[in-house]
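*Asks:* Just so it is clear, I am handing over work.cif, which has mmCIF, C-alpha atoms and all ligand atoms.
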```cif
data_entry
#
loop_
_atom_site.label_atom_id
_atom_site.label_comp_id
_atom_site.auth_asym_id
_atom_site.auth_seq_id
_atom_site.Cartn_x
_atom_site.Cartn_y
_atom_site.Cartn_z
CA MET A 1 0.00 0.00 0.00
CA LEU A 2 1.33 3.46 -0.97
CA ARG A 3 1.85 5.68 2.13
CA ILE A 4 1.42 9.41 1.49
CA ALA A 5 1.95 12.40 3.82
CA VAL A 6 -0.60 15.22 3.41
CA PRO A 7 -0.65 18.62 5.23
CA ASN A 8 -3.15 18.58 8.09
CA LYS A 9 -3.36 22.39 8.61
CA GLY A 10 -2.48 25.77 7.10
CA SER A 11 -2.49 27.15 3.56
CA LEU A 12 -1.51 23.82 1.98
CA SER A 13 -4.08 21.51 3.55
CA GLY A 14 -7.34 22.60 1.82
CA PRO A 15 -5.95 22.81 -1.74
CA ALA A 16 -4.00 19.55 -1.27
CA ALA A 17 -7.15 17.69 -0.15
CA ASP A 18 -9.11 19.21 -3.08
CA MET A 19 -6.49 18.06 -5.57
CA LEU A 20 -6.37 14.51 -4.14
CA HIS A 21 -10.16 14.36 -4.20
CA GLU A 22 -10.18 15.48 -7.86
CA ALA A 23 -7.62 12.77 -8.59
CA GLY A 24 -10.11 10.19 -7.30
CA TYR A 25 -8.68 9.54 -3.83
CA GLN A 26 -10.77 9.27 -0.71
CA GLN A 27 -10.02 12.07 1.79
CA ARG A 28 -10.73 12.46 5.51
CA ARG A 29 -14.23 13.61 6.52
CA GLU A 30 -13.21 15.68 9.52
CA SER A 31 -10.06 17.61 10.42
CA LYS A 32 -9.23 15.57 13.53
CA GLU A 33 -8.57 12.39 11.52
CA LEU A 34 -4.81 11.81 11.37
CA ARG A 35 -4.73 8.85 8.98
CA ILE A 36 -7.15 7.16 6.63
CA VAL A 37 -6.97 4.15 4.34
CA ASP A 38 -8.39 4.36 0.82
CA PRO A 39 -8.81 0.63 0.12
CA VAL A 40 -10.06 1.05 -3.45
CA ASN A 41 -6.86 2.85 -4.49
CA ASP A 42 -4.59 0.92 -2.11
CA VAL A 43 -3.28 4.13 -0.50
CA GLU A 44 -2.93 5.26 3.12
CA PHE A 45 -2.90 9.01 3.83
CA PHE A 46 -1.16 10.44 6.91
CA TYR A 47 -2.23 13.98 7.89
CA LEU A 48 0.88 15.65 9.30
CA ARG A 49 2.14 19.14 10.07
CA PRO A 50 3.40 20.61 6.75
CA ARG A 51 6.74 21.44 8.36
CA ASP A 52 7.27 17.81 9.44
CA ILE A 53 6.41 16.15 6.12
CA ALA A 54 9.89 16.24 4.56
CA ILE A 55 11.31 14.69 7.74
CA TYR A 56 8.84 11.80 7.65
CA VAL A 57 9.42 11.22 3.94
CA SER A 58 13.22 11.31 4.29
CA SER A 59 13.02 8.71 7.08
CA GLY A 60 11.73 6.22 4.49
CA GLN A 61 8.59 5.30 6.43
CA LEU A 62 6.33 7.17 4.00
CA ASP A 63 6.72 6.85 0.22
CA ILE A 64 5.83 10.41 -0.80
CA GLY A 65 4.44 13.64 0.63
CA ILE A 66 2.89 16.97 -0.31
CA THR A 67 4.52 20.05 1.22
CA GLY A 68 5.84 23.52 0.29
CA ARG A 69 9.14 23.84 -1.59
CA ASP A 70 10.22 26.39 1.04
CA LEU A 71 9.42 23.96 3.87
CA LEU A 72 11.33 21.17 2.10
CA ILE A 73 14.45 23.33 1.72
CA ASP A 74 14.13 24.78 5.22
CA SER A 75 14.00 21.30 6.77
CA GLY A 76 17.32 20.24 5.23
CA ALA A 77 15.80 16.74 5.05
CA ASP A 78 17.09 14.17 2.58
CA ALA A 79 14.11 14.47 0.24
CA GLU A 80 13.60 15.90 -3.25
CA GLU A 81 10.86 17.56 -5.24
CA ILE A 82 9.34 15.36 -7.95
CA LEU A 83 6.23 17.31 -9.09
CA PRO A 84 5.26 20.99 -8.65
CA LEU A 85 1.52 21.34 -7.96
CA GLY A 86 0.80 25.02 -8.78
CA PHE A 87 -0.96 26.03 -5.56
CA ALA A 88 0.25 27.83 -2.37
CA ARG A 89 2.50 29.94 -4.56
CA SER A 90 4.59 32.44 -2.61
CA THR A 91 7.94 34.15 -2.55
CA PHE A 92 10.31 34.21 0.40
CA ARG A 93 11.71 37.68 1.08
CA PHE A 94 13.56 39.96 3.44
CA ALA A 95 11.60 42.98 4.71
CA SER A 96 12.21 45.87 7.08
CA LYS A 97 11.08 49.40 7.89
CA PRO A 98 11.72 51.56 4.76
CA GLY A 99 15.37 52.58 4.51
CA GLU A 100 16.73 50.01 7.00
CA ALA A 101 18.40 47.89 4.31
CA ASN A 102 18.60 47.71 0.50
CA GLY A 103 20.17 44.33 -0.14
CA VAL A 104 21.61 41.24 1.47
CA GLU A 105 24.94 43.06 2.00
CA ASP A 106 23.23 45.44 4.47
CA LEU A 107 22.32 42.55 6.78
CA LYS A 108 25.78 42.34 8.36
CA GLY A 109 25.45 42.46 12.16
CA LYS A 110 21.64 42.73 12.04
CA THR A 111 19.05 40.55 13.79
CA ILE A 112 16.65 38.73 11.46
CA ALA A 113 13.40 37.15 12.70
CA THR A 114 11.99 34.22 10.73
CA SER A 115 10.11 30.91 10.94
CA TYR A 116 12.45 29.56 8.23
CA GLU A 117 15.87 29.50 9.91
CA GLY A 118 17.25 26.89 7.52
CA ILE A 119 16.58 28.97 4.40
CA VAL A 120 17.85 32.19 5.98
CA ALA A 121 21.01 30.67 7.44
CA GLY A 122 21.78 29.02 4.08
CA HIS A 123 21.22 32.27 2.17
CA LEU A 124 23.44 34.27 4.56
CA ALA A 125 26.18 31.64 4.34
CA ASP A 126 26.00 31.68 0.51
CA HIS A 127 26.59 35.45 0.60
CA GLY A 128 29.20 35.31 3.39
CA ILE A 129 27.11 37.55 5.68
CA ASP A 130 27.37 37.35 9.46
CA ALA A 131 23.98 38.15 11.06
CA SER A 132 21.89 36.82 13.97
CA VAL A 133 18.76 34.79 13.28
CA VAL A 134 15.88 34.67 15.79
CA HIS A 135 13.38 31.85 15.35
CA LEU A 136 9.69 32.77 15.72
CA ASP A 137 6.75 30.45 15.03
CA GLY A 138 4.66 32.90 12.97
CA ALA A 139 3.27 36.45 12.68
CA VAL A 140 6.91 37.54 12.31
CA GLU A 141 5.85 40.89 10.78
CA THR A 142 5.23 42.12 14.34
CA ALA A 143 8.77 41.30 15.50
CA ILE A 144 10.17 44.61 14.22
CA GLU A 145 7.58 46.81 15.93
CA LEU A 146 8.19 44.92 19.18
CA GLY A 147 11.96 45.29 18.94
CA VAL A 148 12.84 41.60 18.61
CA ALA A 149 14.54 42.11 15.22
CA GLU A 150 15.48 44.80 12.66
CA VAL A 151 14.70 42.63 9.66
CA ILE A 152 12.32 39.74 8.96
CA ALA A 153 12.45 36.99 6.37
CA ASP A 154 9.02 35.56 5.57
CA VAL A 155 6.56 34.18 3.06
CA VAL A 156 4.98 36.92 0.93
CA GLU A 157 1.99 36.34 -1.28
CA THR A 158 -0.16 39.46 -1.78
CA GLY A 159 2.08 41.64 0.42
CA THR A 160 -0.89 42.65 2.60
CA SER A 161 0.68 41.43 5.86
CA LEU A 162 3.83 43.48 5.19
CA ARG A 163 1.88 46.61 4.24
CA ASN A 164 -0.27 46.35 7.35
CA ALA A 165 2.89 46.23 9.47
CA GLY A 166 4.47 49.23 7.63
CA LEU A 167 7.25 47.05 6.18
CA GLU A 168 8.83 46.85 2.70
CA VAL A 169 10.63 44.03 0.94
CA PHE A 170 14.24 44.60 -0.10
CA GLY A 171 16.81 42.69 -2.14
CA GLU A 172 16.15 39.87 -4.58
CA PRO A 173 13.55 37.22 -3.66
CA ILE A 174 15.31 34.50 -1.66
CA MET A 175 13.18 31.82 -3.30
CA LYS A 176 9.89 31.09 -5.06
CA SER A 177 7.73 28.41 -3.55
CA GLU A 178 4.63 26.37 -4.33
CA ALA A 179 3.20 23.06 -3.17
CA VAL A 180 5.26 20.11 -4.38
CA VAL A 181 5.25 16.31 -4.22
CA ILE A 182 8.41 15.03 -2.56
CA ARG A 183 10.13 11.68 -2.09
CA ARG A 184 13.27 10.44 -0.32
CA THR A 185 16.39 11.41 -2.26
CA GLY A 186 17.55 8.60 -4.52
CA ALA A 187 14.39 6.53 -3.96
CA ASP A 188 13.35 6.57 -7.65
CA GLY A 189 13.62 3.23 -9.35
CA GLU A 190 14.74 1.31 -6.28
CA GLU A 191 11.44 1.13 -4.41
CA ALA A 192 8.88 -1.65 -4.51
CA ALA A 193 6.27 1.14 -4.64
CA GLU A 194 7.72 2.68 -7.84
CA SER A 195 4.86 1.80 -10.20
CA LYS A 196 2.27 2.98 -7.64
CA VAL A 197 4.19 6.27 -7.20
CA GLN A 198 4.21 6.79 -10.96
CA GLN A 199 0.47 6.08 -11.14
CA PHE A 200 -0.15 8.61 -8.31
CA LEU A 201 1.91 11.25 -10.18
CA ARG A 202 0.02 10.58 -13.43
CA ARG A 203 -3.26 11.14 -11.62
CA LEU A 204 -2.09 14.47 -10.17
CA GLN A 205 -0.68 15.52 -13.56
CA GLY A 206 -4.12 14.70 -14.99
CA VAL A 207 -5.72 17.10 -12.50
CA LEU A 208 -3.16 19.82 -13.33
CA VAL A 209 -3.86 19.47 -17.06
CA ALA A 210 -7.64 19.39 -16.52
CA ARG A 211 -7.30 22.62 -14.53
CA THR A 212 -5.14 24.44 -17.06
CA TYR A 213 -6.59 23.30 -20.40
CA VAL A 214 -10.02 23.41 -22.04
CA MET A 215 -11.28 21.48 -25.05
CA MET A 216 -12.00 23.67 -28.07
CA ASP A 217 -14.26 22.70 -30.99
CA TYR A 218 -15.01 24.74 -34.10
CA ASP A 219 -15.93 24.55 -37.76
CA CYS A 220 -13.82 26.12 -40.47
CA ARG A 221 -13.40 26.16 -44.23
CA VAL A 222 -10.81 23.73 -45.62
CA GLU A 223 -8.85 26.67 -47.12
CA GLN A 224 -8.40 28.14 -43.60
CA LEU A 225 -7.47 24.84 -41.93
CA GLU A 226 -3.69 25.37 -41.82
CA LYS A 227 -4.07 28.81 -40.25
CA ALA A 228 -6.60 27.44 -37.76
CA VAL A 229 -4.36 24.51 -36.82
CA ALA A 230 -1.50 26.93 -36.21
CA LEU A 231 -3.71 28.67 -33.64
CA THR A 232 -4.82 25.41 -32.00
CA PRO A 233 -1.96 22.90 -32.41
CA GLY A 234 -3.29 20.73 -29.55
CA LEU A 235 -0.98 18.42 -27.62
CA GLU A 236 -0.08 16.00 -30.44
CA SER A 237 -2.11 17.48 -33.29
CA PRO A 238 -5.82 18.42 -33.56
CA THR A 239 -8.58 16.05 -34.63
CA VAL A 240 -10.04 17.12 -38.01
CA SER A 241 -13.35 15.58 -39.15
CA PRO A 242 -15.33 16.18 -42.36
CA LEU A 243 -18.64 18.06 -42.15
CA HIS A 244 -21.71 17.13 -44.18
CA ASN A 245 -21.38 20.41 -46.09
CA GLU A 246 -18.50 20.03 -48.49
CA GLY A 247 -15.55 22.39 -48.05
CA TRP A 248 -15.95 22.56 -44.23
CA VAL A 249 -14.26 20.61 -41.43
CA ALA A 250 -14.76 20.33 -37.67
CA VAL A 251 -11.61 20.76 -35.55
CA ARG A 252 -11.05 19.66 -31.95
CA ALA A 253 -7.97 20.47 -29.83
CA MET A 254 -6.96 21.12 -26.22
CA VAL A 255 -5.91 24.76 -25.60
CA PRO A 256 -4.56 26.54 -22.49
CA ALA A 257 -7.58 27.87 -20.54
CA LYS A 258 -5.95 31.28 -20.02
CA GLU A 259 -5.60 31.80 -23.78
CA ALA A 260 -9.00 30.42 -24.77
CA GLN A 261 -10.76 33.77 -25.31
CA ARG A 262 -7.90 35.20 -27.40
CA ILE A 263 -7.74 32.04 -29.53
CA MET A 264 -11.53 32.19 -30.06
CA ASP A 265 -11.19 35.81 -31.29
CA ASP A 266 -8.35 34.85 -33.64
CA LEU A 267 -10.27 31.83 -34.99
CA TYR A 268 -13.34 33.97 -35.58
CA ASP A 269 -11.24 36.52 -37.47
CA ILE A 270 -10.01 33.87 -39.92
CA GLY A 271 -13.59 32.70 -40.53
CA ALA A 272 -14.05 29.82 -38.07
CA ARG A 273 -17.58 29.53 -36.65
CA ALA A 274 -19.48 27.60 -33.95
CA ILE A 275 -16.43 27.92 -31.69
CA LEU A 276 -17.06 26.14 -28.37
CA THR A 277 -14.97 25.45 -25.30
CA THR A 278 -15.76 22.77 -22.72
CA ALA A 279 -14.12 21.94 -19.40
CA ILE A 280 -11.95 18.84 -19.10
CA HIS A 281 -12.81 16.89 -15.95
CA ALA A 282 -9.90 14.48 -15.95
CA CYS A 283 -7.18 13.30 -18.28
CA ARG A 284 -4.22 11.01 -18.64
CA LEU A 285 -1.65 12.42 -21.05
N1 LIG B 301 -0.39 33.58 2.34
C1 LIG B 301 0.13 32.54 1.72
N2 LIG B 301 -0.07 32.38 0.41
C2 LIG B 301 0.46 31.32 -0.24
N3 LIG B 301 1.19 30.37 0.35
C3 LIG B 301 1.40 30.51 1.65
C4 LIG B 301 0.88 31.58 2.41
N4 LIG B 301 1.25 31.42 3.69
C5 LIG B 301 1.97 30.29 3.72
N5 LIG B 301 2.07 29.74 2.50
C6 LIG B 301 2.76 28.53 2.13
O1 LIG B 301 2.25 27.50 2.95
C7 LIG B 301 3.32 26.71 3.44
C8 LIG B 301 3.36 26.87 4.93
O2 LIG B 301 2.32 26.17 5.44
P1 LIG B 301 2.08 26.21 7.01
O3 LIG B 301 0.86 25.42 7.23
O4 LIG B 301 3.31 25.86 7.75
O5 LIG B 301 1.90 27.73 7.29
P2 LIG B 301 0.65 28.62 7.11
O6 LIG B 301 -0.08 28.33 5.86
O7 LIG B 301 1.21 29.96 7.29
O8 LIG B 301 -0.27 28.13 8.30
P3 LIG B 301 -0.20 28.48 9.84
O9 LIG B 301 0.88 29.47 10.02
O10 LIG B 301 -1.56 29.01 10.10
O11 LIG B 301 0.04 27.17 10.51
C9 LIG B 301 4.58 27.24 2.81
O12 LIG B 301 4.90 26.45 1.69
C10 LIG B 301 4.24 28.64 2.43
O13 LIG B 301 4.97 29.10 1.29
O1 LIG B 302 1.55 38.45 1.56
P1 LIG B 302 0.32 37.96 2.21
O2 LIG B 302 -0.80 37.65 1.24
O3 LIG B 302 -0.14 38.83 3.34
O4 LIG B 302 0.64 36.50 2.82
C1 LIG B 302 1.79 36.26 3.59
C2 LIG B 302 1.44 35.95 5.02
O5 LIG B 302 0.71 34.72 5.09
C3 LIG B 302 1.34 33.85 6.00
O6 LIG B 302 0.94 34.12 7.29
P2 LIG B 302 -0.21 33.36 8.09
O7 LIG B 302 -1.50 34.05 7.93
O8 LIG B 302 -0.19 31.92 7.78
O9 LIG B 302 0.27 33.59 9.58
P3 LIG B 302 1.65 33.13 10.26
O10 LIG B 302 2.59 34.25 10.05
O11 LIG B 302 1.28 32.96 11.69
O12 LIG B 302 2.07 31.89 9.61
C4 LIG B 302 2.80 34.27 5.91
O13 LIG B 302 3.53 33.84 7.06
C5 LIG B 302 2.73 35.77 5.81
O14 LIG B 302 2.62 36.37 7.06
MG MG B 303 1.70 30.87 8.45
#
```
Translate this structure into structure tokens?
Ligand SMILES: Nc1ncnc2c1ncn2[C@@H]1O[C@H](COP(=O)(O)OP(=O)(O)OP(=O)(O)O)[C@@H](O)[C@H]1O
Ligand SMILES: O=P(O)(O)OC[C@H]1O[C@H](OP(=O)(O)OP(=O)(O)O)[C@H](O)[C@@H]1O
Ligand SMILES: [Mg+2]

*Replies:*
Amino acid sequence: MLRIAVPNKGSLSGPAADMLHEAGYQQRRESKELRIVDPVNDVEFFYLRPRDIAIYVSSGQLDIGITGRDLLIDSGADAEEILPLGFARSTFRFASKPGEANGVEDLKGKTIATSYEGIVAGHLADHGIDASVVHLDGAVETAIELGVAEVIADVVETGTSLRNAGLEVFGEPIMKSEAVVIRRTGADGEEAAESKVQQFLRRLQGVLVARTYVMMDYDCRVEQLEKAVALTPGLESPTVSPLHNEGWVAVRAMVPAKEAQRIMDDLYDIGARAILTTAIHACRL
């Protein structure tokens, strides 16, 4: 049975459960459940603190886990990212009162508050900067006002938390993060669970594709077909079927959802008609 670590709380837990549900896996019914078995899919899910997931996975007791890239790197655990999942996107940045610092070089001798000591210590070491790091569990934006630190290093998404605390980011982003599937480093190919892991990844990839693509259908004149196909190349190549009216064909191709409206405009301009898009519920590429 495949053993998978899933976040039990925080920003990652809801979207992770939604994605697993969309991929056809049974999920827990209430938030106090710490493990469930999905007998149909031969999978056991362990609901763990997001910060602990890389540690469990690196220990070899669990086959794979879902966590944040930033949490994986911060943990220093012997685990690697195998599939980015596109949710819980954030950047990890330094911030301070305006004018306190302009780049990593200004951090020398300063005190930096963060919940991600591993990332910050690594970044300072990479730049040869000597600074003190204070570990706080969360709400680190308040640490400056309360005199615990001069600088913070934290997750930034919309920037609202920083603005509310009167702080500004400085320097280059330390890293970009999103939810990721992880496994123990070097585990690929050597595990008994390998084919089940690959099947799990294919299911999640299917959800990602279903979320980012739509199916597009339209009719166009044969003379316009090459131009139309250039606009909708599909994944392999579009399906082209004859229409009852001679000189016309029906075309079907997957297109990126974000570009669907622009592509519909462009198809219309070259004479395509009856242009439809429909959602894709699931797919296996
Ligand atoms: N506002 C946010 N927007 C997007 N991703 C976020 C946000 N806050 C945290 N994350 C991401 O969520 C993961 C951290 O999850 P974790 O559950 O530890 O913290 P949290 O979401 O801040 O929850 P809490 O602090 O309430 O426990 C990290 O990968 C981080 O990048
Ligand atoms: O840029 P924003 O959209 O404001 O998002 C970033 C904030 O969200 C998270 O905090 P959370 O609410 O999880 O509280 P925490 O600091 O206690 O983790 C993160 O730690 C930042 O504080
Ligand atoms: Mg938080």

*Asks:* So which residues are near ligand MG 303 (chain B), meaning at most 8 Å away with only C-alpha atoms and all ligand atoms counted, given back as JSON, numbers by chain?

*Replies:* {"A": [10, 11, 138, 139, 155]}

*Asks:* Between atom CA of Asn8 of chain A and atom CA of Asp78 of chain A, what is the spacing in Å?

*Replies:* 21.4 Å

*Asks:* Please identify all polymer residues within 8 Å of segment 221-237 of chain A, counting all atoms listed in the file, omitting same-chain residues fewer than 5 positions from it, and present them as an NGL selection string.

*Replies:* :A and (247-249 or 253-255 or 263 or 266-267 or 270-272)

*Asks:* Give me the residues near segment 147-152 of chain A as a list in words, where near means some atom within 6 Å (using only C-alpha atoms) and where sequence neighbours in that chain fewer than 6 positions away do not count.

*Replies:*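 So, after excluding close chain neighbours, the residues are Phe94, Ala95, Ser96, Thr111, Ile112, Ala113 and Thr114 of chain A.
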
*Asks:* Take the residues from that selection and put them in a file with C-alpha atoms, as a short mmCIF file (atom, residue, chain, number, x, y, z; two decimals), in the coordinates of the input.

*Replies:*
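Saved to out_3.cif:
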```cif
data_model
loop_
_atom_site.label_atom_id
_atom_site.label_comp_id
_atom_site.auth_asym_id
_atom_site.auth_seq_id
_atom_site.Cartn_x
_atom_site.Cartn_y
_atom_site.Cartn_z
CA PHE A 94 13.56 39.96 3.44
CA ALA A 95 11.60 42.98 4.71
CA SER A 96 12.21 45.87 7.08
CA THR A 111 19.05 40.55 13.79
CA ILE A 112 16.65 38.73 11.46
CA ALA A 113 13.40 37.15 12.70
CA THR A 114 11.99 34.22 10.73
#
```

*Asks:* Looking at only C-alpha atoms and all ligand atoms, which of A:Arg203, A:Lys32, A:Arg93, A:His123 is the one that sits closest to ligand LIG 302 (chain B)?

*Replies:*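 Of all the options, A:Arg93 lies closest to ligand LIG 302 (chain B).
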
*Asks:* If the limit is 8 Å from any atom of ligand LIG 301 (chain B), counting all atoms listed in the file, which residues qualify? Return them as a count of residues only.

*Replies:* 31

*Asks:* Could you please determine the separation between atom CA of Val37 of chain A and atom CA of Gln61 of chain A in Å, to one decimal place?

*Replies:*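 Pair atom CA of Val37 of chain A / atom CA of Gln61 of chain A returns 15.7 Å.
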
*Asks:* What does the distance between atom CA of Leu243 of chain A and atom CA of Asp269 of chain A come to in Å, to one decimal place?

*Replies:*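 If I compute the distance from atom CA of Leu243 of chain A to atom CA of Asp269 of chain A, I get 20.4 Å.
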
*Asks:* Box for segment 82-100 of chain A - axis-aligned, 8 Å on each of the six sides, all listed atoms - centre and size in Å to one decimal, as lines of an AutoDock Vina configuration file.

*Replies:*
```
center_x = 7.9
center_y = 34.0
center_z = -0.6
size_x = 33.7
size_y = 53.2
size_z = 33.0
```

*Asks:* Identify, on the basis of all atoms listed in the file, every residue whose closest approach to segment 38-47 of chain A does not exceed 7 Å; exclude the query and any residue fewer than 2 positions from it along the same chain; express the result as a VMD selection string.

*Replies:* chain A and resid 1 to 8 25 to 26 34 to 36

*Asks:* Using all atoms listed in the file, which of A:Asp63, A:Glu33, A:Asp154, A:Glu80 sits nearest ligand LIG 302 (chain B)?

*Replies:*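 Closest candidate: A:Asp154.
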
*Asks:* I'd like the neighbourhood of Ala279 of chain A as a list in words, where a residue qualifies if any of its atoms comes within 8 Å (using only C-alpha atoms), though same-chain residues fewer than 2 positions away should be ignored.

*Replies:*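 Neighbouring residues, sequence-local ones excluded: Ala210, Tyr213, Val214, Met215, Thr277 and His281 of chain A.
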
*Asks:* List the residues sitting within 12 Å of (1.8, 46.3, 11.4) in the file's frame, using only C-alpha atoms, as JSON, numbers by chain.

*Replies:* {"A": [96, 97, 139, 140, 141, 142, 143, 144, 145, 146, 159, 160, 161, 162, 163, 164, 165, 166, 167, 168]}

*Asks:* Determine, counting all atoms listed in the file, which protein, DNA and RNA residues have an atom within 9 Å of an atom of Arg273 of chain A; residues of the same chain fewer than 5 positions away are not included. Present the result as a ChimeraX atom specification.

*Replies:* /A:218-220,267-268

*Asks:* For ligand LIG 302 (chain B), which residue out of A:Ala282, A:Leu136, A:Leu204, A:Ile174 is the nearest one, using only C-alpha atoms and all ligand atoms?

*Replies:*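 Smallest separation from ligand LIG 302 (chain B) among the options: A:Leu136.
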
*Asks:* Considering all atoms listed in the file, can you say which of A:Gln205, A:Gln198, A:Ala153, A:Arg284 comes closest to ligand LIG 302 (chain B)?

*Replies:*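 Of A:Gln205, A:Gln198, A:Ala153, A:Arg284, the one nearest ligand LIG 302 (chain B), counting all atoms listed in the file, is A:Ala153.
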
*Asks:* Nearest to Gly171 of chain A among A:Leu85, A:Val120, A:Ala125, A:Ala101, with distances taken over only C-alpha atoms: which residue is it?

*Replies:* A:Ala101

*Asks:* Choose the residue, out of A:Leu208, A:Ile73, A:Ile53, A:Ala250, that has the smallest atom-to-atom separation from Asp18 of chain A; count only C-alpha atoms.

*Replies:*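 Closest to Asp18 of chain A of all the choices is A:Leu208.
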
*Asks:* Take segment 230-246 of chain A, bring it up to N, CA and C atoms, and give me the output as a compact mmCIF listing (two decimals), in the coordinates of the input.

*Replies:*
```
# COMPACT_ATOMS: atom_id res chain seq x y z
N ALA A 230 -2.62 26.21 -36.81
CA ALA A 230 -1.50 26.93 -36.21
C ALA A 230 -1.94 27.62 -34.91
N LEU A 231 -3.19 28.03 -34.86
CA LEU A 231 -3.71 28.67 -33.64
C LEU A 231 -4.03 27.65 -32.56
N THR A 232 -4.44 26.45 -32.97
CA THR A 232 -4.82 25.41 -32.00
C THR A 232 -4.07 24.12 -32.32
N PRO A 233 -2.75 24.09 -32.05
CA PRO A 233 -1.96 22.90 -32.41
C PRO A 233 -2.28 21.66 -31.56
N GLY A 234 -2.97 21.86 -30.41
CA GLY A 234 -3.29 20.73 -29.55
C GLY A 234 -2.04 20.17 -28.90
N LEU A 235 -2.15 19.00 -28.29
CA LEU A 235 -0.98 18.42 -27.62
C LEU A 235 -0.14 17.63 -28.62
N GLU A 236 -0.80 16.70 -29.36
CA GLU A 236 -0.08 16.00 -30.44
C GLU A 236 -0.35 16.77 -31.73
N SER A 237 -1.65 16.85 -32.06
CA SER A 237 -2.11 17.48 -33.29
C SER A 237 -3.64 17.43 -33.21
N PRO A 238 -4.36 18.43 -33.75
CA PRO A 238 -5.82 18.42 -33.56
C PRO A 238 -6.53 17.33 -34.36
N THR A 239 -7.72 16.97 -33.88
CA THR A 239 -8.58 16.05 -34.63
C THR A 239 -9.32 16.86 -35.68
N VAL A 240 -9.31 16.41 -36.95
CA VAL A 240 -10.04 17.12 -38.01
C VAL A 240 -11.02 16.13 -38.63
N SER A 241 -12.32 16.49 -38.60
CA SER A 241 -13.35 15.58 -39.15
C SER A 241 -14.12 16.29 -40.26
N PRO A 242 -14.56 15.53 -41.28
CA PRO A 242 -15.33 16.18 -42.36
C PRO A 242 -16.72 16.59 -41.87
N LEU A 243 -17.24 17.67 -42.41
CA LEU A 243 -18.64 18.06 -42.15
C LEU A 243 -19.50 17.60 -43.33
N HIS A 244 -20.80 17.54 -43.12
CA HIS A 244 -21.71 17.13 -44.18
C HIS A 244 -21.63 18.12 -45.35
N ASN A 245 -21.55 19.40 -45.03
CA ASN A 245 -21.38 20.41 -46.09
C ASN A 245 -19.96 20.37 -46.63
N GLU A 246 -19.83 20.17 -47.91
CA GLU A 246 -18.50 20.03 -48.49
C GLU A 246 -17.71 21.34 -48.33
```
